[in-house]
Each structure stands twice: as C-alpha cells, then as structure tokens.
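For reference, data12.cif is printed below; it contains mmCIF, C-alpha atoms; chains and numbers go by the auth columns.
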data_model
#
loop_
_atom_site.group_PDB
_atom_site.id
_atom_site.type_symbol
_atom_site.label_atom_id
_atom_site.label_comp_id
_atom_site.label_asym_id
_atom_site.label_seq_id
_atom_site.Cartn_x
_atom_site.Cartn_y
_atom_site.Cartn_z
_atom_site.B_iso_or_equiv
_atom_site.auth_seq_id
_atom_site.auth_asym_id
ATOM 1 C CA MET A 1 130.016 58.822 78.221 0.00 9 K
ATOM 2 C CA CYS A 2 126.322 59.033 78.898 0.00 10 K
ATOM 3 C CA ASP A 3 125.115 62.307 80.464 0.00 11 K
ATOM 4 C CA THR A 4 122.240 61.559 82.810 0.00 12 K
ATOM 5 C CA GLY A 5 121.685 65.239 83.605 0.00 13 K
ATOM 6 C CA HIS A 6 122.372 64.568 87.291 0.00 14 K
ATOM 7 C CA GLY A 7 125.438 66.791 87.263 0.00 15 K
ATOM 8 C CA ARG A 8 123.506 69.643 85.701 0.00 16 K
ATOM 9 C CA GLY A 9 120.836 69.346 88.368 0.00 17 K
ATOM 10 C CA VAL A 10 123.382 69.517 91.166 0.00 18 K
ATOM 11 C CA MET A 11 125.133 72.447 89.495 0.00 19 K
ATOM 12 C CA SER A 12 121.803 74.236 89.004 0.00 20 K
ATOM 13 C CA ILE A 13 120.922 73.885 92.678 0.00 21 K
ATOM 14 C CA PHE A 14 124.399 75.001 93.743 0.00 22 K
ATOM 15 C CA THR A 15 124.291 78.043 91.447 0.00 23 K
ATOM 16 C CA GLU A 16 120.846 78.998 92.674 0.00 24 K
ATOM 17 C CA GLN A 17 122.028 78.874 96.297 0.00 25 K
ATOM 18 C CA VAL A 18 125.066 81.048 95.518 0.00 26 K
ATOM 19 C CA GLU A 19 122.951 83.568 93.626 0.00 27 K
ATOM 20 C CA THR A 20 120.456 83.719 96.472 0.00 28 K
ATOM 21 C CA ALA A 21 123.234 84.382 98.976 0.00 29 K
ATOM 22 C CA VAL A 22 124.711 87.095 96.773 0.00 30 K
ATOM 23 C CA ASP A 23 121.312 88.719 96.267 0.00 31 K
ATOM 24 C CA GLY A 24 120.712 88.709 100.002 0.00 32 K
ATOM 25 C CA ALA A 25 124.150 90.137 100.726 0.00 33 K
ATOM 26 C CA TYR A 26 123.616 92.772 98.043 0.00 34 K
ATOM 27 C CA ARG A 27 120.307 93.905 99.527 0.00 35 K
ATOM 28 C CA TRP A 28 121.803 94.028 103.016 0.00 36 K
ATOM 29 C CA LEU A 29 124.863 95.966 101.889 0.00 37 K
ATOM 30 C CA ARG A 30 122.825 98.367 99.777 0.00 38 K
ATOM 31 C CA GLN A 31 120.728 99.132 102.846 0.00 39 K
ATOM 32 C CA GLU A 32 123.887 99.710 104.893 0.00 40 K
ATOM 33 C CA VAL A 33 125.560 101.944 102.329 0.00 41 K
ATOM 34 C CA THR A 34 122.558 104.076 101.418 0.00 42 K
ATOM 35 C CA SER A 35 121.765 104.623 105.095 0.00 43 K
ATOM 36 C CA LEU A 36 125.169 106.179 105.788 0.00 44 K
ATOM 37 C CA PRO A 37 125.263 109.983 106.211 0.00 45 K
ATOM 38 C CA TRP A 38 125.618 111.346 102.695 0.00 46 K
ATOM 39 C CA ASN A 39 128.266 113.903 103.708 0.00 47 K
ATOM 40 C CA GLN A 40 130.614 111.423 105.414 0.00 48 K
ATOM 41 C CA GLU A 41 133.132 109.003 103.896 0.00 49 K
ATOM 42 C CA ALA A 42 133.138 105.421 105.165 0.00 50 K
ATOM 43 C CA HIS A 43 135.587 102.524 104.750 0.00 51 K
ATOM 44 C CA LEU A 44 134.277 98.977 104.308 0.00 52 K
ATOM 45 C CA SER A 45 136.038 95.753 105.276 0.00 53 K
ATOM 46 C CA GLU A 46 134.964 92.405 103.813 0.00 54 K
ATOM 47 C CA SER A 47 135.784 90.570 107.020 0.00 55 K
ATOM 48 C CA GLU A 48 133.962 93.091 109.196 0.00 56 K
ATOM 49 C CA LEU A 49 130.905 93.044 106.932 0.00 57 K
ATOM 50 C CA ALA A 50 130.854 89.243 107.004 0.00 58 K
ATOM 51 C CA ARG A 51 131.107 89.300 110.795 0.00 59 K
ATOM 52 C CA ARG A 52 128.221 91.745 111.143 0.00 60 K
ATOM 53 C CA SER A 53 125.964 89.994 108.655 0.00 61 K
ATOM 54 C CA ASP A 54 124.723 86.440 108.176 0.00 62 K
ATOM 55 C CA PHE A 55 126.804 86.037 105.004 0.00 63 K
ATOM 56 C CA SER A 56 130.246 84.605 104.338 0.00 64 K
ATOM 57 C CA ARG A 57 132.978 86.617 102.648 0.00 65 K
ATOM 58 C CA THR A 58 132.310 85.162 99.184 0.00 66 K
ATOM 59 C CA PRO A 59 128.791 86.604 98.722 0.00 67 K
ATOM 60 C CA ILE A 60 129.913 89.793 100.480 0.00 68 K
ATOM 61 C CA ARG A 61 132.725 90.156 97.943 0.00 69 K
ATOM 62 C CA GLU A 62 130.333 89.596 95.034 0.00 70 K
ATOM 63 C CA ALA A 63 127.831 92.038 96.515 0.00 71 K
ATOM 64 C CA LEU A 64 130.546 94.676 96.816 0.00 72 K
ATOM 65 C CA LEU A 65 131.316 94.251 93.122 0.00 73 K
ATOM 66 C CA ARG A 66 127.660 94.863 92.315 0.00 74 K
ATOM 67 C CA LEU A 67 127.607 97.959 94.501 0.00 75 K
ATOM 68 C CA GLN A 68 130.724 99.171 92.725 0.00 76 K
ATOM 69 C CA GLY A 69 128.901 98.700 89.433 0.00 77 K
ATOM 70 C CA ASP A 70 126.026 100.764 90.841 0.00 78 K
ATOM 71 C CA GLY A 71 128.496 103.519 91.672 0.00 79 K
ATOM 72 C CA LEU A 72 127.708 103.381 95.389 0.00 80 K
ATOM 73 C CA ILE A 73 131.248 102.416 96.425 0.00 81 K
ATOM 74 C CA ARG A 74 134.760 102.787 95.049 0.00 82 K
ATOM 75 C CA ARG A 75 137.936 100.721 95.305 0.00 83 K
ATOM 76 C CA LEU A 76 140.908 103.003 95.852 0.00 84 K
ATOM 77 C CA PRO A 77 144.628 102.058 95.779 0.00 85 K
ATOM 78 C CA ASN A 78 146.006 101.507 99.285 0.00 86 K
ATOM 79 C CA ARG A 79 142.651 102.424 100.811 0.00 87 K
ATOM 80 C CA GLY A 80 140.392 99.526 99.918 0.00 88 K
ATOM 81 C CA VAL A 81 136.633 99.859 99.591 0.00 89 K
ATOM 82 C CA VAL A 82 135.290 103.333 100.267 0.00 90 K
ATOM 83 C CA VAL A 83 131.824 104.860 100.360 0.00 91 K
ATOM 84 C CA PRO A 84 132.633 108.354 99.093 0.00 92 K
ATOM 85 C CA ALA A 85 131.346 111.407 100.895 0.00 93 K
ATOM 86 C CA LEU A 86 129.078 113.762 98.996 0.00 94 K
ATOM 87 C CA GLN A 87 129.527 117.499 99.429 0.00 95 K
ATOM 88 C CA GLN A 88 126.941 120.260 99.472 0.00 96 K
ATOM 89 C CA ALA A 89 128.207 121.185 96.011 0.00 97 K
ATOM 90 C CA ASP A 90 127.329 117.654 94.834 0.00 98 K
ATOM 91 C CA LEU A 91 123.801 118.099 96.143 0.00 99 K
ATOM 92 C CA ASP A 92 123.387 121.533 94.570 0.00 100 K
ATOM 93 C CA SER A 93 124.748 120.388 91.204 0.00 101 K
ATOM 94 C CA LEU A 94 122.639 117.243 91.171 0.00 102 K
ATOM 95 C CA MET A 95 119.405 119.073 91.940 0.00 103 K
ATOM 96 C CA GLU A 96 120.132 121.727 89.307 0.00 104 K
ATOM 97 C CA VAL A 97 120.799 119.063 86.671 0.00 105 K
ATOM 98 C CA ARG A 98 117.714 117.107 87.697 0.00 106 K
ATOM 99 C CA GLU A 99 115.502 120.182 87.470 0.00 107 K
ATOM 100 C CA VAL A 100 116.668 121.020 83.958 0.00 108 K
ATOM 101 C CA ILE A 101 116.352 117.455 82.671 0.00 109 K
ATOM 102 C CA GLU A 102 113.159 116.412 84.444 0.00 110 K
ATOM 103 C CA ILE A 103 111.150 119.539 83.631 0.00 111 K
ATOM 104 C CA TRP A 104 112.222 119.289 79.999 0.00 112 K
ATOM 105 C CA ALA A 105 111.347 115.570 79.982 0.00 113 K
ATOM 106 C CA ALA A 106 107.904 116.156 81.514 0.00 114 K
ATOM 107 C CA ARG A 107 107.089 118.725 78.836 0.00 115 K
ATOM 108 C CA LYS A 108 108.399 116.409 76.117 0.00 116 K
ATOM 109 C CA ALA A 109 106.390 113.481 77.505 0.00 117 K
ATOM 110 C CA ILE A 110 103.216 115.538 77.261 0.00 118 K
ATOM 111 C CA ALA A 111 104.044 116.679 73.727 0.00 119 K
ATOM 112 C CA GLN A 112 104.450 113.035 72.724 0.00 120 K
ATOM 113 C CA GLY A 113 101.236 111.916 74.421 0.00 121 K
ATOM 114 C CA MET A 114 102.862 109.736 77.070 0.00 122 K
ATOM 115 C CA ASP A 115 100.807 106.862 78.465 0.00 123 K
ATOM 116 C CA VAL A 116 101.037 107.346 82.242 0.00 124 K
ATOM 117 C CA THR A 117 100.147 103.735 83.089 0.00 125 K
ATOM 118 C CA PRO A 118 103.793 102.802 83.843 0.00 126 K
ATOM 119 C CA LEU A 119 104.049 105.819 86.145 0.00 127 K
ATOM 120 C CA ARG A 120 100.864 104.885 87.984 0.00 128 K
ATOM 121 C CA ASP A 121 102.191 101.330 88.369 0.00 129 K
ATOM 122 C CA LEU A 122 105.413 102.654 89.896 0.00 130 K
ATOM 123 C CA LEU A 123 103.410 104.934 92.162 0.00 131 K
ATOM 124 C CA ALA A 124 101.380 101.955 93.393 0.00 132 K
ATOM 125 C CA ALA A 125 104.592 99.997 93.963 0.00 133 K
ATOM 126 C CA GLN A 126 105.976 102.890 96.013 0.00 134 K
ATOM 127 C CA GLU A 127 102.895 102.826 98.209 0.00 135 K
ATOM 128 C CA GLU A 128 103.495 99.107 98.771 0.00 136 K
ATOM 129 C CA ALA A 129 107.158 99.775 99.612 0.00 137 K
ATOM 130 C CA ALA A 130 106.431 102.546 102.119 0.00 138 K
ATOM 131 C CA GLY A 131 108.021 100.517 104.919 0.00 139 K
ATOM 132 C CA ASP A 132 111.285 99.912 103.036 0.00 140 K
ATOM 133 C CA PRO A 133 113.146 103.198 102.391 0.00 141 K
ATOM 134 C CA VAL A 134 115.783 101.639 100.114 0.00 142 K
ATOM 135 C CA GLU A 135 113.218 99.917 97.883 0.00 143 K
ATOM 136 C CA PHE A 136 111.061 103.040 97.971 0.00 144 K
ATOM 137 C CA VAL A 137 113.936 105.160 96.685 0.00 145 K
ATOM 138 C CA ARG A 138 114.860 102.572 94.042 0.00 146 K
ATOM 139 C CA LEU A 139 111.303 102.915 92.749 0.00 147 K
ATOM 140 C CA ASP A 140 111.587 106.691 93.061 0.00 148 K
ATOM 141 C CA VAL A 141 114.606 106.683 90.764 0.00 149 K
ATOM 142 C CA ALA A 142 112.747 104.378 88.348 0.00 150 K
ATOM 143 C CA PHE A 143 109.767 106.769 88.365 0.00 151 K
ATOM 144 C CA HIS A 144 111.849 109.762 87.342 0.00 152 K
ATOM 145 C CA ARG A 145 113.970 107.731 84.914 0.00 153 K
ATOM 146 C CA THR A 146 110.805 106.591 83.126 0.00 154 K
ATOM 147 C CA ILE A 147 109.869 110.209 82.434 0.00 155 K
ATOM 148 C CA VAL A 148 113.407 111.088 81.352 0.00 156 K
ATOM 149 C CA GLN A 149 113.541 108.115 78.976 0.00 157 K
ATOM 150 C CA ARG A 150 110.255 109.227 77.420 0.00 158 K
ATOM 151 C CA GLY A 151 112.049 112.359 76.258 0.00 159 K
ATOM 152 C CA ARG A 152 114.212 110.184 73.992 0.00 160 K
ATOM 153 C CA ASN A 153 117.357 112.268 74.388 0.00 161 K
ATOM 154 C CA SER A 154 120.327 109.937 74.815 0.00 162 K
ATOM 155 C CA VAL A 155 122.621 112.701 76.106 0.00 163 K
ATOM 156 C CA PHE A 156 120.178 113.614 78.881 0.00 164 K
ATOM 157 C CA GLU A 157 119.608 109.938 79.656 0.00 165 K
ATOM 158 C CA ASP A 158 123.341 109.258 80.009 0.00 166 K
ATOM 159 C CA LEU A 159 123.838 112.316 82.200 0.00 167 K
ATOM 160 C CA TYR A 160 120.906 111.336 84.383 0.00 168 K
ATOM 161 C CA GLU A 161 122.118 107.739 84.710 0.00 169 K
ATOM 162 C CA ALA A 162 125.644 108.861 85.613 0.00 170 K
ATOM 163 C CA HIS A 163 124.320 110.336 88.858 0.00 171 K
ATOM 164 C CA ARG A 164 122.142 107.393 89.859 0.00 172 K
ATOM 165 C CA TYR A 165 124.256 106.456 92.886 0.00 173 K
ATOM 166 C CA LYS A 166 123.948 109.987 94.265 0.00 174 K
ATOM 167 C CA GLN A 167 120.188 109.852 93.820 0.00 175 K
ATOM 168 C CA LEU A 168 119.991 106.554 95.694 0.00 176 K
ATOM 169 C CA ARG A 169 122.084 107.764 98.603 0.00 177 K
ATOM 170 C CA LEU A 170 120.532 111.177 98.881 0.00 178 K
ATOM 171 C CA GLY A 171 117.051 109.782 98.350 0.00 179 K
ATOM 172 C CA VAL A 172 117.230 107.391 101.282 0.00 180 K
ATOM 173 C CA GLN A 173 118.526 110.182 103.498 0.00 181 K
ATOM 174 C CA ALA A 174 115.698 112.451 102.361 0.00 182 K
ATOM 175 C CA VAL A 175 112.816 110.059 103.007 0.00 183 K
ATOM 176 C CA GLU A 176 114.222 108.995 106.370 0.00 184 K
ATOM 177 C CA ALA A 177 115.208 112.465 107.572 0.00 185 K
ATOM 178 C CA ALA A 178 111.725 113.947 107.600 0.00 186 K
ATOM 179 C CA ASN A 179 109.467 110.926 107.116 0.00 187 K
ATOM 180 C CA ARG A 180 108.824 112.171 103.599 0.00 188 K
ATOM 181 C CA ILE A 181 107.454 108.989 102.083 0.00 189 K
ATOM 182 C CA GLU A 182 103.818 110.095 102.160 0.00 190 K
ATOM 183 C CA ALA A 183 104.743 113.547 100.850 0.00 191 K
ATOM 184 C CA VAL A 184 106.800 112.078 98.002 0.00 192 K
ATOM 185 C CA ILE A 185 103.897 109.877 96.919 0.00 193 K
ATOM 186 C CA GLY A 186 101.656 112.940 96.830 0.00 194 K
ATOM 187 C CA GLU A 187 104.215 114.931 94.857 0.00 195 K
ATOM 188 C CA HIS A 188 104.662 112.101 92.373 0.00 196 K
ATOM 189 C CA ARG A 189 100.909 111.823 91.977 0.00 197 K
ATOM 190 C CA ALA A 190 100.739 115.535 91.121 0.00 198 K
ATOM 191 C CA ILE A 191 103.355 115.028 88.399 0.00 199 K
ATOM 192 C CA VAL A 192 101.490 112.042 86.952 0.00 200 K
ATOM 193 C CA ASP A 193 98.148 113.855 87.019 0.00 201 K
ATOM 194 C CA ALA A 194 99.639 116.864 85.232 0.00 202 K
ATOM 195 C CA ILE A 195 101.138 114.672 82.503 0.00 203 K
ATOM 196 C CA ALA A 196 97.867 112.756 82.167 0.00 204 K
ATOM 197 C CA SER A 197 96.016 116.070 81.818 0.00 205 K
ATOM 198 C CA ALA A 198 98.484 117.220 79.143 0.00 206 K
ATOM 199 C CA ASP A 199 99.259 120.360 81.163 0.00 207 K
ATOM 200 C CA PRO A 200 102.952 121.171 80.649 0.00 208 K
ATOM 201 C CA GLU A 201 102.988 124.133 83.028 0.00 209 K
ATOM 202 C CA ALA A 202 101.408 122.114 85.822 0.00 210 K
ATOM 203 C CA ALA A 203 103.853 119.262 85.181 0.00 211 K
ATOM 204 C CA ALA A 204 106.812 121.649 85.282 0.00 212 K
ATOM 205 C CA GLU A 205 105.600 123.255 88.504 0.00 213 K
ATOM 206 C CA ALA A 206 104.867 119.896 90.167 0.00 214 K
ATOM 207 C CA THR A 207 108.340 118.657 89.240 0.00 215 K
ATOM 208 C CA ARG A 208 110.006 121.856 90.443 0.00 216 K
ATOM 209 C CA ARG A 209 108.113 121.751 93.736 0.00 217 K
ATOM 210 C CA HIS A 210 109.025 118.096 94.297 0.00 218 K
ATOM 211 C CA LEU A 211 112.737 118.662 93.692 0.00 219 K
ATOM 212 C CA SER A 212 112.741 121.804 95.819 0.00 220 K
ATOM 213 C CA SER A 213 111.177 119.920 98.736 0.00 221 K
ATOM 214 C CA THR A 214 113.757 117.153 98.433 0.00 222 K
ATOM 215 C CA ALA A 215 116.658 119.616 98.373 0.00 223 K
ATOM 216 C CA ARG A 216 115.274 121.473 101.392 0.00 224 K
ATOM 217 C CA VAL A 217 115.011 118.274 103.434 0.00 225 K
ATOM 218 C CA LEU A 218 118.571 117.266 102.588 0.00 226 K
ATOM 219 C CA THR A 219 119.957 120.694 103.401 0.00 227 K
ATOM 220 C CA ASP A 220 117.848 121.679 106.409 0.00 228 K
ATOM 221 C CA GLY A 221 116.422 118.337 107.544 0.00 229 K
ATOM 222 C CA ARG A 222 112.839 119.502 107.169 0.00 230 K
#
Encoded form using structure tokens:
Amino acid sequence: MCDTGHGRGVMSIFTEQVETAVDGAYRWLRQEVTSLPWNQEAHLSESELARRSDFSRTPIREALLRLQGDGLIRRLPNRGVVVPALQQADLDSLMEVREVIEIWAARKAIAQGMDVTPLRDLLAAQEEAAGDPVEFVRLDVAFHRTIVQRGRNSVFEDLYEAHRYKQLRLGVQAVEAANRIEAVIGEHRAIVDAIASADPEAAAEATRRHLSSTARVLTDGR
C-alpha cells in the first residue's frame, strides 16, 4: 500500500496540538502550585483544575505527571494528588545544604577558571523575566545549578538536584513576599563579578549574603 505521507502530516499536527495543550496546562499548574503557601498542604483535583482552567482533563492529567516528575506534587494512596507542606525545618536544612554546596562550588569554579558568560546570560534572562515570578525562579535555580555543576562533584550535584522542588516553591514565595526580584538580580551580579574577578572570598561572601537574605524573607517576610 502506497504511503502518501498524508497520515503522518495529520498525526504530526494532532501531536503538536496535544503537546501545546500539555505545555500550557503545565505552565498554568506550575504557577498555581508554586504560588501556594510553602508551609501549607494542598489537595488537587483533576476535575476542579480543569474547571478552573481553559484546559480539558487530559492535558491537566499529563501536566500533573510532569509536576510529579519535578517533585512539586505527590500521589498518595487514598488521598490523591497532594502538594506537600514544607516545614521550617525543611527551610533551615535546605539553606544550610545550599550554603555548604554553593560556597564550595563558587570557590571551585574560580580555581578552575570558570567562564562566567553562561551566568551573565542567565542574569540577563532573569532581568527579562522580572514580571514572571515562576520563570524568574526557574532561571534562579538554573543560575545556581550552573555554578554547582562547574564544581564537578556528582554527589553534590545529586544532593542539590534532589531539593529542586523545594527551591522552586520557596523561591517563588521569596520573590513575591518582599518584591525581591531587583535585589536578587543585584545579589546574583555580585556573585558573578566575584567569580569573574577570581576572588574566592568575595564570591563566598556574596553567596552567603544572598542565601541569608532569601532565608530571612521566607522566615520573617522581609
């Protein structure tokens, strides 16, 4: 039987439409989830989410699977889809781990002569995303991950990646709580400038100051 390619074209268009719907549902849901109070648990219903959004249940279901892969939600027996609450202990532990890893990584990046161009590109992208807290924080996580990866320590990288969902959730709360976007950009710039200047002490201090400011906003709201 001769294949004219017509079927593939139809299938390609159909797949593209489904993927677009899923991507849109994913962005919408990610915004919803990361905007929830970090210290409160929330239950999600597919039907309720579909009713509140412009998406049908199929892309909502696929988007939930992606969020589960990101670690932002969990599926629990007899409870359904849950956005887990984070405790003060989670915040304290995360910031302590981040400080150890990120200061070490900044020093290691300098020792290895890191090219800061990727960091400056991410900084510019953050400035462009100043009006979108979720995208801003996604770029924030990418900024810090880039430095951590430059340290080339797979154990640290795995530990850092394991807490990505907490960083996303806490990060959105932090930038929205005290309108910290402009301050974060300035703090990131100080880290980049210190690495570019090959000044490990300045890089360590800039990183420590940045993390301390973030923790203070999350704890005290200022």
Return as CSV the residues of region 69-153 of chain K lying at most 12 Å from region 51-59 of chain K, together with the closest atom-to-atom pair for each and the distance in Å to one decimal, counting only C-alpha atoms, with rows in chain order and ascending residue number.
residue,atom,partner,partner_atom,distance
K:Arg69,CA,K:Glu54,CA,6.7
K:Glu70,CA,K:Glu54,CA,10.3
K:Ala71,CA,K:Glu54,CA,10.2
K:Leu72,CA,K:Glu54,CA,8.6
K:Leu73,CA,K:Glu54,CA,11.4
K:Leu75,CA,K:Leu52,CA,11.9
K:Leu80,CA,K:Leu52,CA,11.9
K:Ile81,CA,K:Leu52,CA,9.1
K:Arg82,CA,K:His51,CA,9.7
K:Arg83,CA,K:Leu52,CA,9.9
K:Leu84,CA,K:His51,CA,10.4
K:Asn86,CA,K:His51,CA,11.8
K:Arg87,CA,K:His51,CA,8.1
K:Gly88,CA,K:His51,CA,7.4
K:Val89,CA,K:Leu52,CA,5.3
K:Val90,CA,K:His51,CA,4.6
K:Val91,CA,K:His51,CA,6.2
K:Pro92,CA,K:His51,CA,8.6
K:Ala93,CA,K:His51,CA,10.6
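Of the residues listed (K:Arg106, K:Asp166, K:Arg128, K:Leu176), K:Arg128 shows the shortest atom-to-atom separation from Ala198 (chain K); distances use all atoms listed in the file.
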Within 10 Å of region 177-194 of chain K, counting all atoms listed in the file, which residues qualify if same-chain residues fewer than 2 places away don't, as an MDAnalysis selection string? chainID K and resid 38:39 41:47 80 94 99 131:132 134:135 137:146 148:149 172:175 196:200 218:219 221:230
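Ranking K:Tyr168, K:Ala204, K:Leu37, K:Ala117 by their shortest atom-to-atom distance to Met103 (chain K), with only C-alpha atoms included, puts K:Tyr168 first.
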In Å to one decimal, how far is CA of Val108 (chain K) from CA of Asp129 (chain K)? 24.8 Å
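Close contacts of region 151-164 of chain K, defined as residues with an atom at most 9 Å away when counting all atoms listed in the file, with chain neighbours fewer than 5 positions off set aside, comprise Ile109, Glu110, Trp112, Ala113, Ala114, Arg115, Lys116, Ala117, Gln120, Met122, Pro126, Leu127, Leu130, Leu131, Arg146, Glu169 and His196 of chain K.
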Tell me which of K:Glu40, K:His171, K:Phe63, K:Ala211 sits closest to Gly79 (chain K), counting all atoms listed in the file. K:His171
With 4 Å of padding per side, what axis-aligned box (centre and edge lengths, Å, one decimal) covers all the listed atoms of region 82-91 of chain K? Give it as lines of an AutoDock Vina configuration file.
center_x = 138.9
center_y = 102.2
center_z = 97.9
size_x = 22.2
size_y = 13.3
size_z = 13.8
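Reported to one decimal place, the separation of CA of Pro208 (chain K) from CA of Val124 (chain K) is 14.0 Å.
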Since the input is missing atoms for region 146-173 of chain K, could you rebuild it with N, CA and C atoms and give the result as a compact mmCIF listing (two decimals), keeping the file's coordinate frame?
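Result file is result.txt:
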# COMPACT_ATOMS: atom_id res chain seq x y z
N ARG K 146 114.57 103.23 95.32
CA ARG K 146 114.86 102.57 94.04
C ARG K 146 113.71 102.79 93.07
N LEU K 147 112.48 102.67 93.57
CA LEU K 147 111.30 102.92 92.75
C LEU K 147 111.18 104.39 92.39
N ASP K 148 111.60 105.25 93.32
CA ASP K 148 111.59 106.69 93.06
C ASP K 148 112.48 107.02 91.87
N VAL K 149 113.68 106.46 91.87
CA VAL K 149 114.61 106.68 90.76
C VAL K 149 114.01 106.14 89.47
N ALA K 150 113.38 104.97 89.54
CA ALA K 150 112.75 104.38 88.35
C ALA K 150 111.62 105.26 87.83
N PHE K 151 110.87 105.87 88.74
CA PHE K 151 109.77 106.77 88.36
C PHE K 151 110.30 107.93 87.53
N HIS K 152 111.31 108.60 88.05
CA HIS K 152 111.85 109.76 87.34
C HIS K 152 112.58 109.34 86.07
N ARG K 153 113.27 108.20 86.11
CA ARG K 153 113.97 107.73 84.91
C ARG K 153 112.98 107.43 83.79
N THR K 154 111.82 106.90 84.14
CA THR K 154 110.80 106.59 83.13
C THR K 154 110.39 107.85 82.37
N ILE K 155 110.23 108.94 83.08
CA ILE K 155 109.87 110.21 82.43
C ILE K 155 111.02 110.71 81.57
N VAL K 156 112.24 110.63 82.10
CA VAL K 156 113.41 111.09 81.35
C VAL K 156 113.57 110.27 80.07
N GLN K 157 113.40 108.97 80.16
CA GLN K 157 113.54 108.12 78.98
C GLN K 157 112.49 108.43 77.92
N ARG K 158 111.33 108.89 78.37
CA ARG K 158 110.26 109.23 77.42
C ARG K 158 110.63 110.43 76.56
N GLY K 159 111.60 111.22 77.04
CA GLY K 159 112.05 112.36 76.26
C GLY K 159 112.90 111.97 75.07
N ARG K 160 113.42 110.74 75.09
CA ARG K 160 114.21 110.18 73.99
C ARG K 160 115.39 111.10 73.60
N ASN K 161 116.13 111.50 74.61
CA ASN K 161 117.36 112.27 74.39
C ASN K 161 118.49 111.50 75.06
N SER K 162 119.31 110.84 74.26
CA SER K 162 120.33 109.94 74.82
C SER K 162 121.37 110.68 75.66
N VAL K 163 121.65 111.93 75.32
CA VAL K 163 122.62 112.70 76.11
C VAL K 163 122.07 112.96 77.50
N PHE K 164 120.81 113.39 77.59
CA PHE K 164 120.18 113.61 78.88
C PHE K 164 120.08 112.31 79.67
N GLU K 165 119.74 111.23 78.97
CA GLU K 165 119.61 109.94 79.66
C GLU K 165 120.94 109.51 80.27
N ASP K 166 122.02 109.65 79.51
CA ASP K 166 123.34 109.26 80.01
C ASP K 166 123.75 110.12 81.19
N LEU K 167 123.49 111.41 81.11
CA LEU K 167 123.84 112.32 82.20
C LEU K 167 123.04 111.97 83.45
N TYR K 168 121.77 111.68 83.26
CA TYR K 168 120.91 111.34 84.38
C TYR K 168 121.37 110.03 85.03
N GLU K 169 121.70 109.05 84.21
CA GLU K 169 122.12 107.74 84.71
C GLU K 169 123.46 107.83 85.44
N ALA K 170 124.32 108.73 85.01
CA ALA K 170 125.64 108.86 85.61
C ALA K 170 125.57 109.27 87.08
N HIS K 171 124.47 109.87 87.47
CA HIS K 171 124.32 110.34 88.86
C HIS K 171 123.36 109.47 89.66
N ARG K 172 123.11 108.25 89.18
CA ARG K 172 122.14 107.39 89.86
C ARG K 172 122.54 107.10 91.30
N TYR K 173 123.85 106.83 91.52
CA TYR K 173 124.26 106.46 92.89
C TYR K 173 124.03 107.60 93.86
